[in-house]
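A short write-up of the structure that comes next.
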Amino acid sequence: ALARRRPRPDRDARPRGHVRVLPALTMATMMELPAEELERMQFFEQARARAEQDHKANPSDAQVLTRWGGALLELAHFKQGPEAVEMIELAVSKFEAALAINPKKHDALWCLGNALTSQGFLFQEAERAGEFFDKAKVCFQRALNEEPTNEIYKKALEMTDKAPGLHAELQRQLAEQQAQQEAARAAQMGARGANAAASGDDFWYDVGGWVCFAGIALSWVVMLSRQQAAA
């Protein structure tokens with residue numbers, strides 16, 4: 001069942017920039033998380049719930065919206081597939097709502113930049129990913145303009161310049177790994193087996209490739225969040 005062929009962007013009619021995602025995180029996988037990570041997940045889930053309640057009491061509070069979006073962005077680290085993508089998109093909407101209230105709120109700009117960077121890594125096409133990286137860079141620059149001495153904002157701006165290169169390197173490595181697996185299976189299974197291997201590798205690319213992209217993207221967010229907490 002795992003080797004069942006999945007469509008690929010170059011073989012179907014999906015629009016350019018389509019994001020392929022993984023199934024949602026299972027309960028069994030959740031139980032395998034280290035105790036520290038489970039505690040973090042519970043902490044941010046509680047923070048999300050508090051922010052949601054606070055927002056109901058005061059819908060025009062930009063800080064509450066920023067806290068809500070930040071909690072959602074952290075929780076996305078513990079998700080996979082549609083849940084992760086949707087949670088990042090929801091976080092983006094909260095940051096944008098906060099900035100609609102206060103366009104100069106630098107921490108909301110910084111958080112939005114992180115979310116946009118994460119979204120960029122979820123796209124296979126460099127051009128589409130670059131659109132998100134460019135938007136993130138604008139957010140980081142605006143945050144730095146509001147607080148020029150903030151080292152975290154400076155670092156985020158520097159890292160965004162490296163994002164396209166990291167994205168390209170990941171694509172290159174994934175392509176090499178896929179080619180190696182196809183060649184190895186073709187040699188072992190012959191011409192008929194090679195066809196089956198191609199189908200299996202479609203699945204491998206979906207799973208292995210997008211796990212890698214999602215992990216890099218969300219680790220970026222977590223790393224910068226921890227840097228800010230330590231500052």
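To be explicit about the labels: the chains of the structure tokens are called A, B, and onward in the order shown, and within each one the residues are counted from 1, while ligands get numbers from 1 in the order they are shown.
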
**Request:** Considering only C-alpha atoms, return as a ChimeraX atom specification whatever protein or nucleic-acid residues lie within 12 Å of A:Asn114, sequence-local ones (same chain, fewer than 2 positions apart) excluded.
**Result:** /A:69-70,73-74,88-89,91-92,95,107-112,116-121,132-140,143,152-153,155-157,159-160,163,217-225

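Distance annotation: of A:Ala71, A:Glu182, A:Pro164, A:Asn145, the residue with the minimal separation from A:Glu131 is A:Pro164; atom set is only C-alpha atoms.
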
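Nearest to A:Arg172 of all the residues A:Gln124, A:Gln53, A:Thr66, A:Gln46 is A:Gln124, based on only C-alpha atoms.
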
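The smallest atom-to-atom distance between A:Leu90 and any of A:Arg48, A:Arg185, A:Asp161, A:Phe123, using only C-alpha atoms, is found for A:Arg48.
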
**Request:** Could you jot down the atom CA of A:Ala47 to atom CA of A:Gln63 separation for me, Å, one decimal place?
**Result:** 12.9 Å

**Asked** Quick one: DSSP helix (DSSP H, G or I) residues in stretch 76-168 of chain A, as JSON, numbers by chain?
**Response** {"A": [76, 81, 82, 83, 84, 85, 86, 87, 88, 89, 90, 91, 92, 93, 94, 95, 96, 97, 98, 99, 100, 101, 106, 107, 108, 109, 110, 111, 112, 113, 114, 115, 116, 117, 118, 119, 120, 121, 126, 127, 128, 129, 130, 131, 132, 133, 134, 135, 136, 137, 138, 139, 140, 141, 142, 143, 144, 145, 146, 151, 152, 153, 154, 155, 156, 157, 158, 159, 160, 161, 162, 163, 164, 165, 166, 167, 168]}

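Atom pair atom CA of A:Asn150 / atom CA of A:Trp68: separated by 22.4 Å.
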